Amino acid sequence: MEMVIDLKELNKRIKEFKEQAEPQKLVIGYKTYSKLMKEEGFVEKLSKDISDPMVRYYKNIRIQLVTEKHLLEIE
């Protein structure tokens, strides 16, 4: 079963998480990340770490890519 995660769902989950605590990390499966990269609004909010260009942030929340295909967790 494929999870349907789009930019709207991601932003909704971040907003809900922020009501409880400040998010430290987005754990995203590689296929979910690939899908999000096709959305202009996601790409516009991405930034890189100056000291490590492999590290990416979405809305100042660090992104951790994982090998699980379809995953989205906020920590």
# chains A, B, ... in the order shown; residues from 1 in each chain; ligands from 1
call {"tool": "residues_around", "arguments": {"residues": "stretch 6-22 of chain A", "least_positions_apart": "5", "cutoff": "12 Å", "atoms": "only C-alpha atoms", "output": "ChimeraX atom specification"}}
result
/A:27-28,31-45,58-62,70-75
call {"tool": "write_last_selection", "arguments": {"atoms": "C-alpha atoms", "output": "PDB file, in the first residue's frame"}}
result
ATOM      1  CA  VAL A  27      12.460  11.385   8.332  1.00  0.00           C
ATOM      2  CA  ILE A  28      11.475  10.853   4.704  1.00  0.00           C
ATOM      3  CA  LYS A  31      10.270   7.616  -2.900  1.00  0.00           C
ATOM      4  CA  THR A  32       8.277  10.099  -0.826  1.00  0.00           C
ATOM      5  CA  TYR A  33      11.173  12.573  -1.126  1.00  0.00           C
ATOM      6  CA  SER A  34      11.305  12.038  -4.884  1.00  0.00           C
ATOM      7  CA  LYS A  35       7.591  12.785  -5.138  1.00  0.00           C
ATOM      8  CA  LEU A  36       7.930  15.923  -3.012  1.00  0.00           C
ATOM      9  CA  MET A  37      10.852  17.122  -5.166  1.00  0.00           C
ATOM     10  CA  LYS A  38       8.424  17.332  -8.095  1.00  0.00           C
ATOM     11  CA  GLU A  39       6.377  19.929  -6.211  1.00  0.00           C
ATOM     12  CA  GLU A  40       7.571  23.484  -6.745  1.00  0.00           C
ATOM     13  CA  GLY A  41       6.482  24.654  -3.293  1.00  0.00           C
ATOM     14  CA  PHE A  42       8.660  22.003  -1.641  1.00  0.00           C
ATOM     15  CA  VAL A  43      11.728  22.792  -3.723  1.00  0.00           C
ATOM     16  CA  GLU A  44      11.353  26.531  -3.044  1.00  0.00           C
ATOM     17  CA  LYS A  45      11.545  25.945   0.722  1.00  0.00           C
ATOM     18  CA  TYR A  58      12.728  22.056   4.653  1.00  0.00           C
ATOM     19  CA  LYS A  59      11.430  25.143   6.440  1.00  0.00           C
ATOM     20  CA  ASN A  60      14.542  24.971   8.662  1.00  0.00           C
ATOM     21  CA  ILE A  61      13.790  21.371   9.695  1.00  0.00           C
ATOM     22  CA  ARG A  62      16.567  18.902   8.907  1.00  0.00           C
ATOM     23  CA  HIS A  70       7.231   5.430   1.582  1.00  0.00           C
ATOM     24  CA  LEU A  71       7.799   7.056   4.942  1.00  0.00           C
ATOM     25  CA  LEU A  72       7.203  10.388   6.589  1.00  0.00           C
ATOM     26  CA  GLU A  73       7.889  10.915  10.260  1.00  0.00           C
ATOM     27  CA  ILE A  74       8.419  14.091  12.190  1.00  0.00           C
ATOM     28  CA  GLU A  75      10.660  13.982  15.239  1.00  0.00           C
TER      29      GLU A  75
END
call {"tool": "select_by_dssp", "arguments": {"residues": "stretch 24-54 of chain A", "states": "helix (DSSP H, G or I)", "output": "list of chain:residue names"}}
result
A:Tyr30, A:Lys31, A:Thr32, A:Tyr33, A:Ser34, A:Lys35, A:Leu36, A:Met37, A:Glu40, A:Gly41, A:Phe42, A:Val43, A:Glu44, A:Lys45
